[in-house]
Amino acid sequence: MQTEKRELVALNGRFTAVDQPTGVQAAAGELFTQLVLADRPFDLLIYADSTAGVVREWAGAPGVRIEHVPFRSWGRARAQLHEQIVISRRARQAGARLLYHPINTCPRYQGHQGHLPQVVTLHDLNFHHNPQWYGRSFRTWLEHTTIPGLSRAAHVVCISDHVVGDAIRTLELDPGRVSRIYDGLRRLSPGREVARDRDLVLAVNPFQPHKNLPRLIEAMSILRKERPSVRLRVVGRAQENFRGHEKIADALAAEWVHLTGYIDETQLAEEYCAASVLCMPSFEEGFGMPLIEAMSFGASVVTSNLSCLPETAGPAGILVDPHSAQSIADGLHTALTESGAGREAREEAGRAHAARFSWATAAAEYTELFSRLMR
């Protein structure tokens, strides 16, 4: 008996070039893993570097084919040109009905009507609204590829309601071709038992300009006048595409600040277990993954009252004005001094809110979207 041929969706795995994924790269990896595991009415063709560990996990899954692209040995420019020029043609030749890009960028030129439809996930438009935060070459590339690509894509997925509204207003997109699919919660596990430190504040990947690290350090200095035992632990590393912060090197060298550098997921889980509070006073975010990760481990979260952050933090978040160091300090003081029933209620609310976000749910929503677009 002849087996019915299944439709084919191609996935752009350019993010597999990175050995130490952060932010949107980690999110893309989680989503691809869940799409591989999902009950799909279509097959997957994944363009990715097969030397990456996560790609080896995908290989051999039912209805999944890996097309090796040596992203790890290429420079950024060659990988970007592959995305802009090559991948659509290769996917069409392979018989794909749809091509999905998980991180903001997709081909600027997508051919005439009837060519391969493109779907792209938009994480934020920071590079467009705040170009001063980015290096010139990176910013120029995004403006000349991302904005036209998003405008011409068959569908744009946004990771929060905030980004949906921003995309529709800024890019004048038809609301009918924009969807909101939340990111999910990673299943992080500590490698050892870690006790909660009531004087420890955690900041995760705060080195990009919009993360507002200088004002967080200023707020900590204010807080330490009343609570000198409080300390700041900074996880992550600077990223070359973003402009560096000026005049904070001395502050980061203070004895009450500890820089961990890049750490793996097991170590990150241990940091969430140890911290009393996660502070994320960003000016702008698309989702704010560390908020739900910290809440899932029972930490309090202090975050900005701007952009998507109230949406992501939910009822358990302590909201502050990111432009005011005093407001941030007051929010941290509230979180650090809360005890008894109030602390327990906030912790319970945070865990329940974080549990709403699931990568399996996200993959199911993407699967339904891809199927609908192919119909």
# chains A, B, ... in the order shown; residues from 1 in each chain; ligands from 1

$ closest_atom_pairs --of "stretch 115-164 of chain A" --to "stretch 92-95 of chain A" --cutoff "10 Å" --atoms "only C-alpha atoms" --output "JSON lines"
{"residue": "A:His115", "atom": "CA", "partner": "A:Arg92", "partner_atom": "CA", "distance": 8.1}
{"residue": "A:Leu116", "atom": "CA", "partner": "A:Arg92", "partner_atom": "CA", "distance": 6.4}
{"residue": "A:Pro117", "atom": "CA", "partner": "A:Arg92", "partner_atom": "CA", "distance": 9.9}

$ write_last_selection --atoms "C-alpha atoms" --output "compact mmCIF listing (two decimals), in the first residue's frame"
# COMPACT_ATOMS: atom_id res chain seq x y z
CA HIS A 115 6.89 31.43 -3.98
CA LEU A 116 7.74 29.80 -0.66
CA PRO A 117 5.81 31.48 2.20

$ residues_around --residues "A:Glu285" --least-positions-apart "5" --cutoff "9 Å" --atoms "only C-alpha atoms" --output "NGL selection string"
:A and (123-124 or 126 or 163 or 210-211 or 306-309)

$ write_last_selection --atoms "C-alpha atoms" --output "PDB file, in the first residue's frame"
ATOM      1  CA  HIS A 123      11.243  39.038  19.587  1.00  0.00           C
ATOM      2  CA  ASP A 124      11.426  42.826  19.677  1.00  0.00           C
ATOM      3  CA  ASN A 126      14.724  47.418  19.918  1.00  0.00           C
ATOM      4  CA  VAL A 163       5.391  43.019  20.712  1.00  0.00           C
ATOM      5  CA  HIS A 210      18.458  48.249  27.387  1.00  0.00           C
ATOM      6  CA  LYS A 211      18.915  46.002  30.441  1.00  0.00           C
ATOM      7  CA  LEU A 306       7.458  49.220  30.927  1.00  0.00           C
ATOM      8  CA  SER A 307       7.075  47.167  27.713  1.00  0.00           C
ATOM      9  CA  CYS A 308       6.124  43.492  28.122  1.00  0.00           C
ATOM     10  CA  LEU A 309       7.509  43.092  31.634  1.00  0.00           C
TER      11      LEU A 309
END

$ residues_around --residues "stretch 6-18 of chain A" --least-positions-apart "2" --cutoff "7 Å" --atoms "only C-alpha atoms" --output "tab-separated table (two decimals) with C-alpha atoms, in the first residue's frame"
chain	number	residue	atom	x	y	z
A	4	GLU	CA	0.55	9.29	1.51
A	20	GLN	CA	27.06	29.52	24.27
A	21	PRO	CA	23.46	30.45	23.43
A	25	GLN	CA	19.10	31.60	20.66
A	42	PHE	CA	3.89	17.42	8.43
A	43	ASP	CA	7.59	16.56	8.27
A	44	LEU	CA	10.48	18.86	9.19
A	45	LEU	CA	13.55	19.77	7.19
A	46	ILE	CA	15.99	21.55	9.52
A	47	TYR	CA	18.90	23.55	8.13
A	48	ALA	CA	21.39	23.44	10.98
A	49	ASP	CA	24.98	22.69	11.89
A	52	ALA	CA	25.95	21.04	17.50
A	71	PHE	CA	27.36	27.60	10.40
A	72	ARG	CA	30.01	27.05	13.09
A	91	ALA	CA	13.91	24.71	0.73
A	95	GLY	CA	9.66	20.46	-1.70
A	96	ALA	CA	8.99	22.55	1.42
A	97	ARG	CA	5.66	24.31	1.59
A	98	LEU	CA	6.76	26.77	4.29
A	99	LEU	CA	10.01	28.18	5.68
A	100	TYR	CA	10.24	29.26	9.33
A	101	HIS	CA	12.80	31.66	10.84

$ residues_around --residues "stretch 103-110 of chain A" --least-positions-apart "5" --cutoff "9 Å" --atoms "only C-alpha atoms" --output "number ranges by chain"
A: 15, 24-25, 28, 83-85, 87-88, 115-125, 142, 144-153

$ write_last_selection --atoms "C-alpha atoms" --output "tab-separated table (two decimals), in the first residue's frame"
chain	number	residue	atom	x	y	z
A	15	PHE	CA	21.34	29.85	15.69
A	24	VAL	CA	16.61	34.27	21.77
A	25	GLN	CA	19.10	31.60	20.66
A	28	ALA	CA	14.92	28.92	19.40
A	83	GLU	CA	19.75	33.18	5.07
A	84	GLN	CA	19.09	36.01	2.66
A	85	ILE	CA	19.89	34.29	-0.62
A	87	ILE	CA	17.97	28.92	2.13
A	88	SER	CA	14.68	29.78	0.39
A	115	HIS	CA	6.89	31.43	-3.98
A	116	LEU	CA	7.74	29.80	-0.66
A	117	PRO	CA	5.81	31.48	2.20
A	118	GLN	CA	8.01	32.68	5.08
A	119	VAL	CA	7.08	32.77	8.77
A	120	VAL	CA	9.26	34.67	11.23
A	121	THR	CA	9.22	35.12	15.00
A	122	LEU	CA	9.75	38.71	16.11
A	123	HIS	CA	11.24	39.04	19.59
A	124	ASP	CA	11.43	42.83	19.68
A	125	LEU	CA	12.07	45.96	17.63
A	142	LEU	CA	19.00	44.64	10.65
A	144	HIS	CA	18.02	46.67	5.66
A	145	THR	CA	16.94	43.05	6.09
A	146	THR	CA	14.65	42.62	9.10
A	147	ILE	CA	12.20	45.46	8.46
A	148	PRO	CA	11.57	44.56	4.77
A	149	GLY	CA	11.54	40.84	5.59
A	150	LEU	CA	8.94	41.23	8.31
A	151	SER	CA	6.82	43.43	6.05
A	152	ARG	CA	6.81	40.80	3.30
A	153	ALA	CA	6.53	37.62	5.40

$ closest_residue --among "A:Arg227, A:His128, A:Arg375, A:Arg351" --to "A:Ala313" --atoms "only C-alpha atoms"
A:Arg351

$ select_by_dssp --residues "stretch 26-193 of chain A" --states "strand (DSSP E or B)" --output "VMD selection string"
chain A and resid 42 to 48 64 to 68 98 to 101 118 to 122 134 155 to 158 178 to 180

$ closest_atom_pairs --of "stretch 200-313 of chain A" --to "stretch 168-182 of chain A" --cutoff "12 Å" --atoms "only C-alpha atoms" --output "Markdown table"
| residue | atom | partner | partner_atom | distance |
| --- | --- | --- | --- | --- |
| A:Gly286 | CA | A:Tyr182 | CA | 10.0 |
| A:Phe287 | CA | A:Tyr182 | CA | 7.9 |
| A:Gly288 | CA | A:Tyr182 | CA | 10.7 |
| A:Met289 | CA | A:Tyr182 | CA | 10.2 |
| A:Ile292 | CA | A:Tyr182 | CA | 11.7 |
| A:Cys308 | CA | A:Tyr182 | CA | 11.3 |
| A:Glu311 | CA | A:Tyr182 | CA | 10.8 |
| A:Thr312 | CA | A:Tyr182 | CA | 9.4 |

$ write_last_selection --atoms "N, CA and C atoms" --output "CSV table (one decimal), in the first residue's frame"
chain,number,residue,atom,x,y,z
A,286,GLY,N,11.2,42.0,24.9
A,286,GLY,CA,10.1,41.3,24.1
A,286,GLY,C,9.4,40.3,24.9
A,287,PHE,N,10.1,39.7,25.9
A,287,PHE,CA,9.4,38.7,26.8
A,287,PHE,C,9.9,38.7,28.2
A,288,GLY,N,11.2,38.5,28.4
A,288,GLY,CA,11.8,38.5,29.7
A,288,GLY,C,11.8,37.2,30.3
A,289,MET,N,12.5,36.2,29.7
A,289,MET,CA,12.6,34.8,30.1
A,289,MET,C,13.1,34.7,31.6
A,292,ILE,N,10.2,34.4,34.5
A,292,ILE,CA,9.5,33.2,34.7
A,292,ILE,C,10.4,32.1,35.2
A,308,CYS,N,6.8,44.7,27.9
A,308,CYS,CA,6.1,43.5,28.1
A,308,CYS,C,6.3,43.0,29.6
A,311,GLU,N,3.4,42.2,31.8
A,311,GLU,CA,2.7,41.1,31.2
A,311,GLU,C,3.4,39.7,31.6
A,312,THR,N,4.7,39.7,31.5
A,312,THR,CA,5.4,38.5,31.8
A,312,THR,C,5.5,38.2,33.3
